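The data block below is entry_36.cif; it holds mmCIF, C-alpha atoms and all ligand atoms.
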```cif
data_my_file
#
loop_
_atom_site.group_PDB
_atom_site.id
_atom_site.type_symbol
_atom_site.label_atom_id
_atom_site.label_comp_id
_atom_site.auth_asym_id
_atom_site.auth_seq_id
_atom_site.Cartn_x
_atom_site.Cartn_y
_atom_site.Cartn_z
ATOM 1 C CA MET A 7 -34.317 46.549 135.537
ATOM 2 C CA VAL A 8 -32.127 44.508 133.157
ATOM 3 C CA THR A 9 -29.329 42.553 134.852
ATOM 4 C CA GLU A 10 -25.936 42.285 133.235
ATOM 5 C CA SER A 11 -26.259 38.513 132.886
ATOM 6 C CA ALA A 12 -29.503 38.983 130.925
ATOM 7 C CA VAL A 13 -27.789 41.168 128.337
ATOM 8 C CA ARG A 14 -26.308 39.501 125.280
ATOM 9 C CA LEU A 15 -24.103 41.332 122.836
ATOM 10 C CA LEU A 16 -25.335 40.524 119.324
ATOM 11 C CA PRO A 17 -22.699 39.598 116.700
ATOM 12 C CA GLU A 18 -23.964 42.417 114.472
ATOM 13 C CA THR A 19 -23.310 44.889 117.311
ATOM 14 C CA ILE A 20 -19.656 43.859 117.400
ATOM 15 C CA SER A 21 -19.480 44.339 113.614
ATOM 16 C CA LEU A 22 -21.142 47.739 113.989
ATOM 17 C CA VAL A 23 -18.406 48.966 116.330
ATOM 18 C CA MET A 24 -15.672 47.789 113.955
ATOM 19 C CA GLU A 25 -17.387 49.322 110.924
ATOM 20 C CA ALA A 26 -18.023 52.586 112.765
ATOM 21 C CA GLU A 27 -14.341 52.916 113.507
ATOM 22 C CA ARG A 28 -13.484 52.150 109.908
ATOM 23 C CA TYR A 29 -15.779 54.873 108.543
ATOM 24 C CA GLY A 30 -15.186 57.441 111.311
ATOM 25 C CA ILE A 31 -18.798 57.213 112.524
ATOM 26 C CA HIS A 32 -19.144 58.573 116.081
ATOM 27 C CA GLY A 33 -21.781 59.256 118.714
ATOM 28 C CA LEU A 34 -23.010 62.613 117.444
ATOM 29 C CA LEU A 35 -23.851 61.073 114.078
ATOM 30 C CA PHE A 36 -26.196 58.650 115.847
ATOM 31 C CA GLN A 37 -27.829 61.648 117.465
ATOM 32 C CA ASN A 38 -28.087 63.484 114.175
ATOM 33 C CA VAL A 39 -29.555 60.600 112.207
ATOM 34 C CA CYS A 40 -32.529 60.750 114.569
ATOM 35 C CA LEU A 41 -32.865 64.499 114.081
ATOM 36 C CA CYS A 42 -32.199 65.405 110.464
ATOM 37 C CA PRO A 43 -30.342 63.736 107.568
ATOM 38 C CA VAL A 44 -29.042 67.110 106.344
ATOM 39 C CA ARG A 45 -27.523 67.810 109.745
ATOM 40 C CA LEU A 46 -25.979 64.338 109.705
ATOM 41 C CA TRP A 47 -24.426 64.847 106.275
ATOM 42 C CA LEU A 48 -23.070 68.312 107.143
ATOM 43 C CA HIS A 49 -21.605 67.103 110.419
ATOM 44 C CA TYR A 50 -19.947 64.094 108.801
ATOM 45 C CA SER A 51 -18.583 66.393 106.086
ATOM 46 C CA ARG A 52 -17.033 68.537 108.859
ATOM 47 C CA VAL A 53 -19.195 71.560 108.246
ATOM 48 C CA ASP A 54 -19.620 72.814 111.810
ATOM 49 C CA CYS A 55 -21.484 75.955 112.893
ATOM 50 C CA ALA A 56 -22.082 75.135 116.580
ATOM 51 C CA HIS A 57 -19.542 77.696 117.782
ATOM 52 C CA LEU A 58 -21.630 80.430 116.088
ATOM 53 C CA ASN A 59 -24.776 79.561 118.061
ATOM 54 C CA ARG A 60 -25.188 81.188 121.478
ATOM 55 C CA HIS A 61 -27.819 78.650 122.582
ATOM 56 C CA MET A 62 -25.351 75.806 122.152
ATOM 57 C CA GLN A 63 -22.667 77.877 123.891
ATOM 58 C CA ARG A 64 -25.042 78.336 126.847
ATOM 59 C CA GLY A 65 -25.606 74.579 126.976
ATOM 60 C CA LEU A 66 -21.900 73.960 127.276
ATOM 61 C CA VAL A 67 -21.623 76.468 130.126
ATOM 62 C CA ASP A 68 -24.656 75.015 131.996
ATOM 63 C CA GLN A 69 -23.246 71.531 131.662
ATOM 64 C CA GLY A 70 -19.868 72.621 132.995
ATOM 65 C CA ALA A 71 -21.439 74.363 135.993
ATOM 66 C CA HIS A 72 -23.392 71.274 137.073
ATOM 67 C CA TYR A 73 -20.721 68.655 136.525
ATOM 68 C CA ALA A 74 -17.405 70.476 136.715
ATOM 69 C CA GLY A 75 -14.595 68.038 137.295
ATOM 70 C CA THR A 76 -16.527 64.857 136.587
ATOM 71 C CA ALA A 77 -16.354 64.716 132.793
ATOM 72 C CA GLY A 78 -14.288 61.897 131.361
ATOM 73 C CA ILE A 79 -12.774 61.329 127.956
ATOM 74 C CA SER A 80 -12.218 57.795 126.798
ATOM 75 C CA GLN A 81 -9.170 58.259 124.662
ATOM 76 C CA GLY A 82 -7.917 55.503 122.436
ATOM 77 C CA ILE A 83 -11.379 54.115 121.622
ATOM 78 C CA GLY A 84 -12.668 57.219 119.851
ATOM 79 C CA ILE A 85 -15.501 58.359 122.097
ATOM 80 C CA ALA A 86 -15.917 61.324 124.450
ATOM 81 C CA PRO A 87 -18.920 60.802 126.730
ATOM 82 C CA ASP A 88 -19.664 63.291 129.515
ATOM 83 C CA MET A 89 -19.096 60.902 132.431
ATOM 84 C CA LEU A 90 -17.551 57.447 132.815
ATOM 85 C CA ASP A 91 -17.808 55.269 135.903
ATOM 86 C CA PHE A 92 -15.359 52.422 135.417
ATOM 87 C CA ASN A 93 -16.222 50.893 138.797
ATOM 88 C CA HIS A 94 -19.858 50.300 137.942
ATOM 89 C CA HIS A 95 -19.549 50.305 134.122
ATOM 90 C CA VAL A 96 -21.921 53.213 133.677
ATOM 91 C CA VAL A 97 -21.559 55.862 130.976
ATOM 92 C CA SER A 98 -23.549 59.105 131.190
ATOM 93 C CA GLU A 99 -24.567 61.882 128.879
ATOM 94 C CA ILE A 100 -25.651 65.204 130.370
ATOM 95 C CA LYS A 101 -28.434 67.067 128.598
ATOM 96 C CA VAL A 102 -29.605 70.604 129.243
ATOM 97 C CA ARG A 103 -33.049 70.003 127.789
ATOM 98 C CA LYS A 104 -35.317 66.978 127.398
ATOM 99 C CA SER A 105 -36.080 67.617 123.734
ATOM 100 C CA PHE A 106 -35.514 64.746 121.301
ATOM 101 C CA PRO A 107 -34.802 62.040 123.905
ATOM 102 C CA HIS A 108 -34.610 59.317 121.232
ATOM 103 C CA ALA A 109 -31.616 61.119 119.673
ATOM 104 C CA SER A 110 -29.871 61.327 123.057
ATOM 105 C CA ARG A 111 -30.617 57.639 123.628
ATOM 106 C CA ALA A 112 -29.058 56.694 120.289
ATOM 107 C CA GLN A 113 -25.854 58.612 121.058
ATOM 108 C CA LEU A 114 -25.607 57.021 124.507
ATOM 109 C CA LEU A 115 -26.282 53.529 123.149
ATOM 110 C CA PHE A 116 -23.412 53.926 120.720
ATOM 111 C CA TYR A 117 -21.067 54.821 123.584
ATOM 112 C CA MET A 118 -22.357 51.802 125.497
ATOM 113 C CA VAL A 119 -21.646 49.355 122.679
ATOM 114 C CA VAL A 120 -18.182 50.809 122.017
ATOM 115 C CA LEU A 121 -17.278 50.504 125.709
ATOM 116 C CA THR A 122 -18.781 47.032 125.965
ATOM 117 C CA VAL A 123 -16.924 45.701 122.928
ATOM 118 C CA ASN A 124 -13.639 47.288 124.005
ATOM 119 C CA THR A 125 -13.727 46.254 127.672
ATOM 120 C CA GLY A 126 -15.533 42.910 127.444
ATOM 121 C CA VAL A 127 -17.956 44.027 130.171
ATOM 122 C CA ILE A 128 -21.571 45.082 129.612
ATOM 123 C CA TRP A 129 -22.021 48.836 130.151
ATOM 124 C CA SER A 130 -25.198 50.587 131.232
ATOM 125 C CA GLY A 131 -26.153 54.167 130.328
ATOM 126 C CA ARG A 132 -27.645 57.200 132.052
ATOM 127 C CA LEU A 133 -29.176 60.272 130.492
ATOM 128 C CA ARG A 134 -28.850 63.019 133.090
ATOM 129 C CA TYR A 135 -30.992 66.155 133.024
ATOM 130 C CA PRO A 136 -29.545 68.287 135.834
ATOM 131 C CA SER A 137 -31.981 71.181 135.494
ATOM 132 C CA ALA A 138 -34.951 68.762 135.841
ATOM 133 C CA ARG A 139 -33.129 66.613 138.462
ATOM 134 C CA ARG A 140 -33.973 63.567 136.389
ATOM 135 C CA VAL A 141 -31.950 60.523 135.349
ATOM 136 C CA GLU A 142 -33.042 57.993 132.720
ATOM 137 C CA THR A 143 -31.444 54.552 132.597
ATOM 138 C CA VAL A 144 -30.683 52.960 129.231
ATOM 139 C CA GLU A 145 -29.788 49.273 128.929
ATOM 140 C CA LEU A 146 -28.136 47.290 126.158
ATOM 141 C CA THR A 147 -31.160 45.163 125.370
ATOM 142 C CA GLU A 148 -31.339 43.219 122.117
ATOM 143 C CA GLU A 149 -34.112 45.551 120.975
ATOM 144 C CA ASN A 150 -31.869 48.581 121.546
ATOM 145 C CA GLN A 151 -28.967 46.906 119.744
ATOM 146 C CA ARG A 152 -31.193 46.180 116.749
ATOM 147 C CA TRP A 153 -32.421 49.774 116.730
ATOM 148 C CA LEU A 154 -28.822 50.986 116.785
ATOM 149 C CA GLY A 155 -28.101 48.710 113.830
ATOM 150 C CA GLU A 156 -30.962 50.261 111.866
ATOM 151 C CA LEU A 157 -29.680 53.752 112.631
ATOM 152 C CA PHE A 158 -26.189 52.719 111.559
ATOM 153 C CA ALA A 159 -27.514 51.505 108.208
ATOM 154 C CA ARG A 160 -29.300 54.841 107.709
ATOM 155 C CA ILE A 161 -26.128 56.760 108.576
ATOM 156 C CA ARG A 162 -24.156 54.767 106.012
ATOM 157 C CA VAL A 163 -26.676 55.626 103.279
ATOM 158 C CA VAL A 164 -26.701 59.364 104.072
ATOM 159 C CA ILE A 165 -22.930 59.848 104.367
ATOM 160 C CA ALA A 166 -22.359 57.933 101.134
ATOM 161 C CA GLY A 167 -24.077 60.792 99.285
ATOM 162 C CA THR A 168 -21.897 63.321 97.485
ATOM 163 C CA SER A 169 -24.281 66.124 98.432
ATOM 164 C CA PRO A 170 -26.643 66.671 101.376
ATOM 165 C CA PRO A 171 -30.157 65.173 101.273
ATOM 166 C CA ALA A 172 -33.081 67.448 100.473
ATOM 167 C CA LYS A 173 -33.937 69.927 103.252
ATOM 168 C CA VAL A 174 -37.234 69.656 105.057
ATOM 169 C CA LYS A 175 -38.236 72.478 107.391
ATOM 170 C CA GLN A 176 -39.058 71.221 110.882
ATOM 171 C CA ARG A 177 -39.317 72.515 114.434
ATOM 172 C CA LEU A 178 -35.691 71.656 115.105
ATOM 173 C CA CYS A 179 -34.557 74.124 112.423
ATOM 174 C CA GLN A 180 -35.372 77.019 114.769
ATOM 175 C CA ASP A 181 -32.762 75.802 117.231
ATOM 176 C CA CYS A 182 -30.255 74.256 114.819
ATOM 177 C CA SER A 183 -26.767 75.661 114.386
ATOM 178 C CA TYR A 184 -27.054 74.987 110.632
ATOM 179 C CA ARG A 185 -30.095 77.246 110.284
ATOM 180 C CA LEU A 186 -28.035 80.028 108.750
ATOM 181 C CA LEU A 187 -26.667 77.616 106.183
ATOM 182 C CA CYS A 188 -29.978 75.931 105.349
ATOM 183 C CA TRP A 189 -32.478 78.766 105.642
ATOM 184 C CA GLN A 190 -30.374 81.951 105.742
ATOM 185 C CA HIS A 191 -31.656 82.879 109.213
ATOM 186 C CA SER A 192 -29.412 83.287 112.240
ATOM 187 C CA THR A 193 -30.475 81.560 115.468
ATOM 188 C CA ASP A 194 -28.908 84.287 117.587
ATOM 189 C CA ASP A 195 -31.889 86.611 117.362
ATOM 190 C CA VAL A 196 -34.337 84.041 118.812
ATOM 191 C CA ASP A 197 -34.799 83.005 122.435
ATOM 192 C CA PHE A 198 -36.162 79.505 123.171
ATOM 193 C CA ASN A 199 -37.912 78.314 126.287
HETATM 194 S S1 LIG B 1 -31.559 73.790 109.812
HETATM 195 FE FE1 LIG B 1 -33.154 72.225 109.703
HETATM 196 S S2 LIG B 1 -32.838 71.215 107.713
HETATM 197 FE FE2 LIG B 1 -30.954 72.352 108.218
HETATM 198 S S3 LIG B 1 -29.635 70.874 109.229
HETATM 199 FE FE3 LIG B 1 -30.736 71.970 110.820
HETATM 200 S S4 LIG B 1 -32.536 70.713 111.242
HETATM 201 FE FE4 LIG B 1 -31.704 70.035 109.285
#
```
Rewritten as structure tokens:
Amino acid sequence: MVTESAVRLLPETISLVMEAERYGIHGLLFQNVCLCPVRLWLHYSRVDCAHLNRHMQRGLVDQGAHYAGTAGISQGIGIAPDMLDFNHHVVSEIKVRKSFPHASRAQLLFYMVVLTVNTGVIWSGRLRYPSARRVETVELTEENQRWLGELFARIRVVIAGTSPPAKVKQRLCQDCSYRLLCWQHSTDDVDFN
């Protein structure tokens, strides 16, 4: 376990938070850069198809059923994590499935650095998988901060493009709300395990 005193906020992490605010870069973009650059570009360009996808709708309902009443929104600093514990400085994201954990970690790390920079206290993170009764702890190590910096640089390159990057078919496409847009197939006729 990493103690708070062992964690050091890197100067480039502070710059990252300021730059992210300047360019409107938020947590979901950190998730998307780990998943697919096309998805990242579309999301940043405000092309959103999630409401058309019944699998994502189900995820929202499942999440609400498990954690009704505990969700918190951190207004004023531009993030909306699922749970905030201001007493223990712990921010949580709730995930229905364990697929693509690195993408979930990236999103959570971004919330952690935003909260840490804005409150002056080191925040820890939890990825919560209610259906598997599992909780993963994420800490603001220097290695994680450097990784976040690399992801941020990749995000900046992708969103600077005037058109989306080239599409590459991958497993995620089956379950992606942009599938109709990218591959002209609806996701609503497929059930996933
Ligand atoms: S459908 Fe596939 S290529 Fe298109 S945005 Fe989704 S993951 Fe990326």
Protein and nucleic acid residues within 9 Å of ligand LIG 1 (chain B) (all atoms listed in the file) as a ChimeraX atom specification: /A:38,41-49,172-189
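Distance-wise, CA of Gly126 (chain A) and CA of Leu146 (chain A) end up 13.4 Å apart.
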statement: Computed gap from CA of Glu99 (chain A) to CA of Val164 (chain A) is 25.0 Å
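Comparing A:Asn124, A:Ser137, A:Thr143, A:Ser110 by their smallest distance to Cys40 (chain A), the closest is A:Ser110 (using only C-alpha atoms).
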query: Any idea what's packed within 8 Å of Leu16 (chain A), counting all atoms listed in the file, ignoring anything in its chain fewer than 3 positions away? Could you give it as a PyMOL selection string?
result: chain A and resi 19-20+148+151
- prompt: What does the PyMOL selection byres (((chain A and resi 154) around 12) and not hetatm) select in this file, as JSON, numbers by chain?
  reply: {"A": [16, 18, 19, 20, 21, 22, 23, 26, 33, 35, 36, 37, 39, 40, 108, 109, 111, 112, 113, 114, 115, 116, 117, 118, 119, 120, 146, 147, 148, 149, 150, 151, 152, 153, 155, 156, 157, 158, 159, 160, 161]}
- request: Write out as number ranges by chain each polymer residue whose atoms come within 9 Å of Val96 (chain A), counting all atoms listed in the file; drop sequence neighbours fewer than 2 positions from it.
  value: A: 89-94, 98, 118, 129-132
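Among the candidate residues A:Arg134, A:Arg14, A:Arg139, A:Arg162, the one lying nearest to Pro87 (chain A) is A:Arg134, with distances computed using all atoms listed in the file.
Atom to atom, CA of Ala166 (chain A) and CA of Arg52 (chain A) stand 14.2 Å apart.
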Could you list as a PDB file with C-alpha atoms, in the coordinates of the input every residue that has an atom within 12 Å of (-34.9, 63.6, 134.6), using the file's coordinates and counting all atoms listed in the file?
```pdb
ATOM      1  CA  GLU A  99     -24.567  61.882 128.879  1.00  0.00           C
ATOM      2  CA  ILE A 100     -25.651  65.204 130.370  1.00  0.00           C
ATOM      3  CA  LYS A 101     -28.434  67.067 128.598  1.00  0.00           C
ATOM      4  CA  VAL A 102     -29.605  70.604 129.243  1.00  0.00           C
ATOM      5  CA  ARG A 103     -33.049  70.003 127.789  1.00  0.00           C
ATOM      6  CA  LYS A 104     -35.317  66.978 127.398  1.00  0.00           C
ATOM      7  CA  SER A 105     -36.080  67.617 123.734  1.00  0.00           C
ATOM      8  CA  PRO A 107     -34.802  62.040 123.905  1.00  0.00           C
ATOM      9  CA  ARG A 132     -27.645  57.200 132.052  1.00  0.00           C
ATOM     10  CA  LEU A 133     -29.176  60.272 130.492  1.00  0.00           C
ATOM     11  CA  ARG A 134     -28.850  63.019 133.090  1.00  0.00           C
ATOM     12  CA  TYR A 135     -30.992  66.155 133.024  1.00  0.00           C
ATOM     13  CA  PRO A 136     -29.545  68.287 135.834  1.00  0.00           C
ATOM     14  CA  SER A 137     -31.981  71.181 135.494  1.00  0.00           C
ATOM     15  CA  ALA A 138     -34.951  68.762 135.841  1.00  0.00           C
ATOM     16  CA  ARG A 139     -33.129  66.613 138.462  1.00  0.00           C
ATOM     17  CA  ARG A 140     -33.973  63.567 136.389  1.00  0.00           C
ATOM     18  CA  VAL A 141     -31.950  60.523 135.349  1.00  0.00           C
ATOM     19  CA  GLU A 142     -33.042  57.993 132.720  1.00  0.00           C
ATOM     20  CA  THR A 143     -31.444  54.552 132.597  1.00  0.00           C
TER      21      THR A 143
END
```
